[in-house]
file start_34.csv (CSV, C-alpha atoms)
chain,number,residue,atom,x,y,z
R,1,MET,CA,0.0,-18.3,-0.5
R,2,GLU,CA,-1.4,-18.2,-4.0
R,3,HIS,CA,-1.8,-22.0,-3.9
R,4,LEU,CA,-3.0,-22.2,-0.3
R,5,VAL,CA,-5.9,-19.6,-0.5
R,6,THR,CA,-7.7,-19.7,-3.9
R,7,ASP,CA,-11.1,-18.7,-5.3
R,8,ALA,CA,-12.2,-22.2,-4.4
R,9,THR,CA,-11.2,-22.0,-0.7
R,10,PRO,CA,-14.1,-22.7,1.6
R,11,ASN,CA,-15.3,-19.7,3.6
R,12,LEU,CA,-13.4,-17.2,1.4
R,13,HIS,CA,-14.3,-13.7,2.6
R,14,ILE,CA,-14.9,-11.2,-0.1
R,15,MET,CA,-13.6,-7.8,0.7
R,16,HIS,CA,-15.9,-5.2,-0.8
R,17,SER,CA,-17.4,-1.8,0.2
R,18,PHE,CA,-19.7,0.7,-1.4
R,19,VAL,CA,-16.7,2.9,-1.9
R,20,ASP,CA,-15.2,0.3,-4.2
R,21,ASP,CA,-18.3,0.6,-6.4
R,22,MET,CA,-17.7,4.3,-6.9
R,23,ILE,CA,-14.1,3.8,-8.0
R,24,PRO,CA,-13.9,3.2,-11.8
R,25,PHE,CA,-11.5,0.7,-13.3
R,26,CYS,CA,-8.6,2.6,-15.0
R,27,GLU,CA,-5.9,0.5,-16.6
R,28,TYR,CA,-3.4,3.4,-16.7
R,29,PHE,CA,-2.9,2.9,-12.9
R,30,ILE,CA,-0.9,-0.2,-13.7
R,31,ILE,CA,2.0,2.2,-14.2
R,32,PRO,CA,2.3,3.3,-10.6
R,33,TYR,CA,1.3,-0.2,-9.5
R,34,GLY,CA,4.3,-1.7,-11.4
R,35,ILE,CA,6.6,1.0,-10.2
R,36,TRP,CA,6.0,-0.3,-6.7
R,37,PHE,CA,8.6,-3.0,-7.3
R,38,VAL,CA,11.3,-0.4,-8.1
R,39,TYR,CA,10.1,1.9,-5.3
R,40,ILE,CA,10.6,-0.9,-2.7
R,41,ALA,CA,14.1,-1.8,-4.1
R,42,VAL,CA,15.3,1.8,-4.3
R,43,SER,CA,14.0,2.6,-0.8
R,44,CYS,CA,15.8,-0.4,0.6
R,45,PHE,CA,19.0,0.6,-1.2
R,46,PHE,CA,18.8,4.2,0.0
R,47,MET,CA,17.9,3.3,3.5
R,48,TYR,CA,20.8,0.8,3.7
R,49,PHE,CA,23.4,3.3,2.3
R,50,LYS,CA,22.0,6.6,3.6
R,51,GLY,CA,20.2,5.7,6.8
R,52,THR,CA,21.7,5.2,10.2
R,53,ASP,CA,21.8,1.6,11.4
R,54,GLU,CA,18.8,2.4,13.6
R,55,GLU,CA,16.8,3.9,10.7
R,56,TYR,CA,17.6,1.0,8.4
R,57,LEU,CA,16.8,-1.7,11.0
R,58,ARG,CA,13.5,0.0,12.0
R,59,PHE,CA,12.6,0.2,8.3
R,60,ALA,CA,13.6,-3.4,7.5
R,61,TRP,CA,11.8,-4.8,10.6
R,62,SER,CA,8.7,-2.9,9.7
R,63,LEU,CA,8.7,-4.4,6.2
R,64,ILE,CA,9.4,-7.9,7.5
R,65,ILE,CA,6.8,-7.8,10.4
R,66,GLY,CA,4.2,-6.1,8.2
R,67,MET,CA,4.4,-8.6,5.4
R,68,TYR,CA,4.4,-11.6,7.7
R,69,THR,CA,1.4,-10.2,9.5
R,70,CYS,CA,-0.5,-9.7,6.3
R,71,MET,CA,0.3,-13.3,5.2
R,72,ILE,CA,-0.8,-14.7,8.6
R,73,ILE,CA,-4.0,-12.8,8.4
R,74,CYS,CA,-4.7,-14.2,4.9
R,75,LEU,CA,-4.1,-17.7,6.2
R,76,ILE,CA,-6.4,-17.3,9.2
R,77,TYR,CA,-9.0,-15.2,7.4
R,78,PRO,CA,-9.0,-16.3,3.7
R,79,ASN,CA,-10.0,-13.4,1.6
R,80,GLY,CA,-10.3,-12.0,-1.9
R,81,VAL,CA,-12.0,-9.5,-4.1
R,82,ASP,CA,-14.6,-10.0,-6.8
R,83,MET,CA,-14.7,-6.7,-8.5
R,84,ARG,CA,-12.4,-7.2,-11.5
R,85,PRO,CA,-14.3,-6.5,-14.7
R,86,ALA,CA,-15.1,-9.5,-16.8
R,87,SER,CA,-13.7,-7.8,-19.9
R,88,LEU,CA,-11.7,-4.6,-20.4
R,89,GLU,CA,-13.1,-1.8,-22.3
R,90,HIS,CA,-9.8,-0.8,-24.0
R,91,ASP,CA,-7.2,-2.8,-25.7
R,92,ASN,CA,-3.9,-0.9,-25.1
R,93,ILE,CA,-0.6,-1.7,-23.6
R,94,CYS,CA,-1.8,-0.9,-20.0
R,95,ALA,CA,-4.9,-3.1,-20.4
R,96,ARG,CA,-2.7,-5.9,-21.6
R,97,ILE,CA,-0.3,-5.6,-18.7
R,98,VAL,CA,-3.3,-5.6,-16.3
R,99,LYS,CA,-4.5,-8.9,-17.9
R,100,LEU,CA,-1.0,-10.3,-17.4
R,101,LEU,CA,-1.0,-9.2,-13.8
R,102,TRP,CA,-4.4,-10.8,-13.2
R,103,ALA,CA,-3.3,-14.0,-14.8
R,104,THR,CA,-0.3,-14.3,-12.4
R,105,ASP,CA,-1.6,-12.6,-9.3
R,106,THR,CA,-5.0,-14.1,-8.2
R,107,SER,CA,-7.7,-12.0,-6.6
R,108,THR,CA,-7.1,-13.7,-3.2
R,109,ASN,CA,-4.9,-12.8,-0.2
R,110,VAL,CA,-5.6,-9.1,-0.5
R,111,PHE,CA,-6.5,-8.1,3.1
R,112,PRO,CA,-4.5,-6.2,4.3
R,113,SER,CA,-2.7,-4.9,1.2
R,114,ILE,CA,1.0,-5.6,1.2
R,115,HIS,CA,1.4,-3.2,-1.7
R,116,CYS,CA,-0.1,-0.4,0.4
R,117,PHE,CA,1.6,-1.3,3.6
R,118,ASN,CA,5.0,-1.4,2.0
R,119,SER,CA,4.4,1.9,0.2
R,120,MET,CA,3.5,3.6,3.5
R,121,ALA,CA,6.6,2.1,5.2
R,122,CYS,CA,8.9,3.2,2.4
R,123,ASN,CA,7.5,6.7,2.3
R,124,ALA,CA,7.8,7.1,6.1
R,125,ALA,CA,11.4,5.8,6.1
R,126,ILE,CA,12.3,8.2,3.3
R,127,CYS,CA,10.5,11.2,4.7
R,128,HIS,CA,11.9,10.7,8.2
R,129,ASN,CA,15.5,10.0,7.1
R,130,LYS,CA,17.7,12.9,8.0
R,131,LYS,CA,19.7,12.9,4.8
R,132,ILE,CA,17.1,11.7,2.2
R,133,GLY,CA,14.1,13.3,3.7
R,134,ALA,CA,15.7,16.7,3.8
R,135,ILE,CA,15.8,16.8,0.0
R,136,ARG,CA,12.5,18.2,-0.9
R,137,PRO,CA,12.1,16.7,-4.4
R,138,ILE,CA,12.8,13.3,-3.0
R,139,ARG,CA,10.5,13.7,0.0
R,140,TYR,CA,7.6,15.1,-2.1
R,141,GLY,CA,8.3,12.6,-4.9
R,142,SER,CA,8.0,9.8,-2.4
R,143,ILE,CA,4.8,11.1,-1.0
R,144,LEU,CA,3.3,11.5,-4.5
R,145,LEU,CA,4.5,8.1,-5.7
R,146,SER,CA,3.3,6.2,-2.6
R,147,THR,CA,-0.1,7.9,-2.9
R,148,ALA,CA,-0.3,7.0,-6.6
R,149,ILE,CA,0.7,3.4,-5.8
R,150,ILE,CA,-2.0,3.1,-3.1
R,151,LEU,CA,-4.6,4.6,-5.4
R,152,SER,CA,-3.5,2.2,-8.2
R,153,THR,CA,-4.5,-0.8,-6.1
R,154,LEU,CA,-8.0,0.5,-6.1
R,155,PHE,CA,-8.2,1.7,-9.7
R,156,ILE,CA,-7.0,-1.6,-11.2
R,157,LYS,CA,-9.4,-3.5,-8.8
R,158,GLN,CA,-6.6,-5.4,-7.2
R,159,HIS,CA,-7.7,-4.3,-3.7
R,160,SER,CA,-10.7,-3.0,-1.9
R,161,MET,CA,-10.9,0.0,0.3
R,162,PHE,CA,-10.9,-2.4,3.3
R,163,ASP,CA,-7.5,-3.7,2.2
R,164,VAL,CA,-6.1,-0.2,2.1
R,165,LEU,CA,-7.6,0.9,5.4
R,166,THR,CA,-6.3,-2.2,7.2
R,167,ALA,CA,-2.9,-1.7,5.7
R,168,PHE,CA,-2.9,1.8,7.0
R,169,ALA,CA,-4.0,0.6,10.5
R,170,LEU,CA,-1.2,-2.0,10.5
R,171,PHE,CA,1.3,0.6,9.4
R,172,VAL,CA,0.2,2.9,12.2
R,173,ILE,CA,0.5,0.1,14.8
R,174,LEU,CA,3.9,-0.9,13.6
call {"tool": "encode", "arguments": {"input": "start_34.csv", "output": "structure tokens"}}
result
Amino acid sequence: MEHLVTDATPNLHIMHSFVDDMIPFCEYFIIPYGIWFVYIAVSCFFMYFKGTDEEYLRFAWSLIIGMYTCMIICLIYPNGVDMRPASLEHDNICARIVKLLWATDTSTNVFPSIHCFNSMACNAAICHNKKIGAIRPIRYGSILLSTAIILSTLFIKQHSMFDVLTAFALFVIL
């Protein structure tokens, strides 16, 4: 997808709202953004070993269908964001990691946000699982982490509010 839809793609739709302008860039949100990769893997692991077959299949299918839907939307409706700052105010480890992320993950194919959709799907699977969801620290930790991940996409200017809202809508539909 990174090579199919680029900044040079004709008719690239820029996703932007006035809310995005009110959200400051904060490089420290790269921490929950990066934890997303572990959160997805751990959620899949727990759901496979602690969920019923029905719970695991519902979770796995939601991830598969959700990610494919996001990619198809990006192919049909090429999109991106243009709100990344030209230069970063601070020079710390988090800012350097953000620069690395931006160098590898272009500002295209953002609508809807797979990061946000998967976070919502993992959180729902964990919270609704009879074994895992019954453990309060895990349930509340999942809610807190998924919320931090979703917010991180906005604070590091990887996604716009439209991307988050459409990920939420897709999650509700699936």
call {"tool": "residues_around", "arguments": {"input": "start_34.csv", "residues": "segment 159-164 of chain R", "least_positions_apart": "3", "cutoff": "12 Å", "atoms": "all atoms listed in the file", "output": "CSV table (one decimal) with C-alpha atoms, in the frame of the given file"}}
result
chain,number,residue,atom,x,y,z
R,13,HIS,CA,-14.3,-13.7,2.6
R,14,ILE,CA,-14.9,-11.2,-0.1
R,15,MET,CA,-13.6,-7.8,0.7
R,16,HIS,CA,-15.9,-5.2,-0.8
R,17,SER,CA,-17.4,-1.8,0.2
R,18,PHE,CA,-19.7,0.7,-1.4
R,19,VAL,CA,-16.7,2.9,-1.9
R,20,ASP,CA,-15.2,0.3,-4.2
R,21,ASP,CA,-18.3,0.6,-6.4
R,22,MET,CA,-17.7,4.3,-6.9
R,23,ILE,CA,-14.1,3.8,-8.0
R,25,PHE,CA,-11.5,0.7,-13.3
R,33,TYR,CA,1.3,-0.2,-9.5
R,70,CYS,CA,-0.5,-9.7,6.3
R,73,ILE,CA,-4.0,-12.8,8.4
R,74,CYS,CA,-4.7,-14.2,4.9
R,79,ASN,CA,-10.0,-13.4,1.6
R,80,GLY,CA,-10.3,-12.0,-1.9
R,81,VAL,CA,-12.0,-9.5,-4.1
R,82,ASP,CA,-14.6,-10.0,-6.8
R,83,MET,CA,-14.7,-6.7,-8.5
R,84,ARG,CA,-12.4,-7.2,-11.5
R,102,TRP,CA,-4.4,-10.8,-13.2
R,105,ASP,CA,-1.6,-12.6,-9.3
R,106,THR,CA,-5.0,-14.1,-8.2
R,107,SER,CA,-7.7,-12.0,-6.6
R,108,THR,CA,-7.1,-13.7,-3.2
R,109,ASN,CA,-4.9,-12.8,-0.2
R,110,VAL,CA,-5.6,-9.1,-0.5
R,111,PHE,CA,-6.5,-8.1,3.1
R,112,PRO,CA,-4.5,-6.2,4.3
R,113,SER,CA,-2.7,-4.9,1.2
R,114,ILE,CA,1.0,-5.6,1.2
R,115,HIS,CA,1.4,-3.2,-1.7
R,116,CYS,CA,-0.1,-0.4,0.4
R,117,PHE,CA,1.6,-1.3,3.6
R,118,ASN,CA,5.0,-1.4,2.0
R,119,SER,CA,4.4,1.9,0.2
R,120,MET,CA,3.5,3.6,3.5
R,147,THR,CA,-0.1,7.9,-2.9
R,149,ILE,CA,0.7,3.4,-5.8
R,150,ILE,CA,-2.0,3.1,-3.1
R,151,LEU,CA,-4.6,4.6,-5.4
R,152,SER,CA,-3.5,2.2,-8.2
R,153,THR,CA,-4.5,-0.8,-6.1
R,154,LEU,CA,-8.0,0.5,-6.1
R,155,PHE,CA,-8.2,1.7,-9.7
R,156,ILE,CA,-7.0,-1.6,-11.2
R,167,ALA,CA,-2.9,-1.7,5.7
R,168,PHE,CA,-2.9,1.8,7.0
R,169,ALA,CA,-4.0,0.6,10.5
R,170,LEU,CA,-1.2,-2.0,10.5
R,171,PHE,CA,1.3,0.6,9.4
call {"tool": "closest_residue", "arguments": {"input": "start_34.csv", "among": "R:Leu101, R:Met71, R:Ile132, R:Cys122", "to": "Tyr39 of chain R", "atoms": "only C-alpha atoms"}}
result
R:Cys122
call {"tool": "closest_residue", "arguments": {"input": "start_34.csv", "among": "R:Ile138, R:Ala95, R:Ala121, R:Ala8", "to": "Ile65 of chain R", "atoms": "only C-alpha atoms"}}
result
R:Ala121
call {"tool": "atom_distance", "arguments": {"input": "start_34.csv", "atom1": "atom CA of Pro32 of chain R", "atom2": "atom CA of Ala148 of chain R"}}
result
6.0 Å
call {"tool": "atom_distance", "arguments": {"input": "start_34.csv", "atom1": "atom CA of Leu4 of chain R", "atom2": "atom CA of Ala41 of chain R"}}
result
26.9 Å
call {"tool": "closest_residue", "arguments": {"input": "start_34.csv", "among": "R:Lys50, R:His90, R:Arg136, R:Lys99", "to": "Ile30 of chain R", "atoms": "only C-alpha atoms"}}
result
R:Lys99
call {"tool": "atom_distance", "arguments": {"input": "start_34.csv", "atom1": "atom CA of Gly141 of chain R", "atom2": "atom CA of Cys127 of chain R"}}
result
9.9 Å
call {"tool": "residues_around", "arguments": {"input": "start_34.csv", "residues": "Ile126 of chain R", "least_positions_apart": "5", "cutoff": "8 Å", "atoms": "only C-alpha atoms", "output": "list in words"}}
result
Ser43, Met47, Ile132, Gly133, Arg139 and Ser142 of chain R
call {"tool": "write_last_selection", "arguments": {"input": "start_34.csv", "atoms": "C-alpha atoms", "output": "mmCIF file, keeping the file's coordinate frame"}}
result
data_model
loop_
_atom_site.group_PDB
_atom_site.id
_atom_site.type_symbol
_atom_site.label_atom_id
_atom_site.label_comp_id
_atom_site.auth_asym_id
_atom_site.auth_seq_id
_atom_site.Cartn_x
_atom_site.Cartn_y
_atom_site.Cartn_z
ATOM 1 C CA SER R 43 14.000 2.600 -0.800
ATOM 2 C CA MET R 47 17.900 3.300 3.500
ATOM 3 C CA ILE R 132 17.100 11.700 2.200
ATOM 4 C CA GLY R 133 14.100 13.300 3.700
ATOM 5 C CA ARG R 139 10.500 13.700 0.000
ATOM 6 C CA SER R 142 8.000 9.800 -2.400
#
call {"tool": "build_atoms", "arguments": {"input": "start_34.csv", "residues": "segment 119-140 of chain R", "atoms": "N, CA, C and O atoms", "output": "tab-separated table (two decimals), in the frame of the given file"}}
result
chain	number	residue	atom	x	y	z
R	119	SER	N	4.28	0.52	0.70
R	119	SER	CA	4.40	1.90	0.20
R	119	SER	C	4.41	2.90	1.32
R	119	SER	O	5.21	3.85	1.32
R	120	MET	N	3.55	2.68	2.31
R	120	MET	CA	3.50	3.60	3.50
R	120	MET	C	4.82	3.48	4.26
R	120	MET	O	5.37	4.51	4.70
R	121	ALA	N	5.34	2.27	4.44
R	121	ALA	CA	6.60	2.10	5.20
R	121	ALA	C	7.76	2.73	4.48
R	121	ALA	O	8.60	3.39	5.12
R	122	CYS	N	7.83	2.56	3.17
R	122	CYS	CA	8.90	3.20	2.40
R	122	CYS	C	8.83	4.70	2.46
R	122	CYS	O	9.84	5.38	2.67
R	123	ASN	N	7.63	5.22	2.28
R	123	ASN	CA	7.50	6.70	2.30
R	123	ASN	C	7.85	7.22	3.70
R	123	ASN	O	8.56	8.24	3.79
R	124	ALA	N	7.43	6.58	4.76
R	124	ALA	CA	7.80	7.10	6.10
R	124	ALA	C	9.28	7.01	6.33
R	124	ALA	O	9.86	7.95	6.89
R	125	ALA	N	9.91	5.93	5.88
R	125	ALA	CA	11.40	5.80	6.10
R	125	ALA	C	12.09	6.91	5.31
R	125	ALA	O	13.02	7.53	5.84
R	126	ILE	N	11.69	7.17	4.08
R	126	ILE	CA	12.30	8.20	3.30
R	126	ILE	C	12.10	9.59	3.87
R	126	ILE	O	13.02	10.38	4.03
R	127	CYS	N	10.85	9.88	4.22
R	127	CYS	CA	10.50	11.20	4.70
R	127	CYS	C	11.16	11.49	6.09
R	127	CYS	O	11.47	12.64	6.40
R	128	HIS	N	11.36	10.47	6.90
R	128	HIS	CA	11.90	10.70	8.20
R	128	HIS	C	13.45	10.51	8.26
R	128	HIS	O	14.07	10.78	9.28
R	129	ASN	N	14.05	10.10	7.17
R	129	ASN	CA	15.50	10.00	7.10
R	129	ASN	C	16.10	11.37	7.05
R	129	ASN	O	15.68	12.21	6.25
R	130	LYS	N	17.08	11.60	7.90
R	130	LYS	CA	17.70	12.90	8.00
R	130	LYS	C	18.35	13.40	6.71
R	130	LYS	O	18.30	14.58	6.36
R	131	LYS	N	18.97	12.48	5.99
R	131	LYS	CA	19.70	12.90	4.80
R	131	LYS	C	18.72	12.90	3.56
R	131	LYS	O	18.67	13.89	2.84
R	132	ILE	N	18.00	11.82	3.35
R	132	ILE	CA	17.10	11.70	2.20
R	132	ILE	C	15.89	12.61	2.31
R	132	ILE	O	15.50	13.31	1.39
R	133	GLY	N	15.28	12.58	3.48
R	133	GLY	CA	14.10	13.30	3.70
R	133	GLY	C	14.24	14.83	3.66
R	133	GLY	O	13.29	15.58	3.45
R	134	ALA	N	15.47	15.28	3.83
R	134	ALA	CA	15.70	16.70	3.80
R	134	ALA	C	15.76	17.25	2.35
R	134	ALA	O	15.69	18.46	2.13
R	135	ILE	N	15.84	16.36	1.38
R	135	ILE	CA	15.80	16.80	0.00
R	135	ILE	C	14.40	16.83	-0.49
R	135	ILE	O	13.75	15.79	-0.69
R	136	ARG	N	13.88	18.04	-0.64
R	136	ARG	CA	12.50	18.20	-0.90
R	136	ARG	C	11.94	17.45	-2.13
R	136	ARG	O	10.89	16.82	-2.03
R	137	PRO	N	12.61	17.49	-3.28
R	137	PRO	CA	12.10	16.70	-4.40
R	137	PRO	C	11.95	15.22	-4.13
R	137	PRO	O	10.99	14.59	-4.57
R	138	ILE	N	12.88	14.69	-3.36
R	138	ILE	CA	12.80	13.30	-3.00
R	138	ILE	C	11.66	13.03	-2.04
R	138	ILE	O	10.85	12.11	-2.21
R	139	ARG	N	11.56	13.87	-1.02
R	139	ARG	CA	10.50	13.70	0.00
R	139	ARG	C	9.12	13.84	-0.67
R	139	ARG	O	8.25	12.98	-0.51
R	140	TYR	N	8.90	14.90	-1.45
R	140	TYR	CA	7.60	15.10	-2.10
R	140	TYR	C	7.34	14.08	-3.19
R	140	TYR	O	6.20	13.65	-3.40
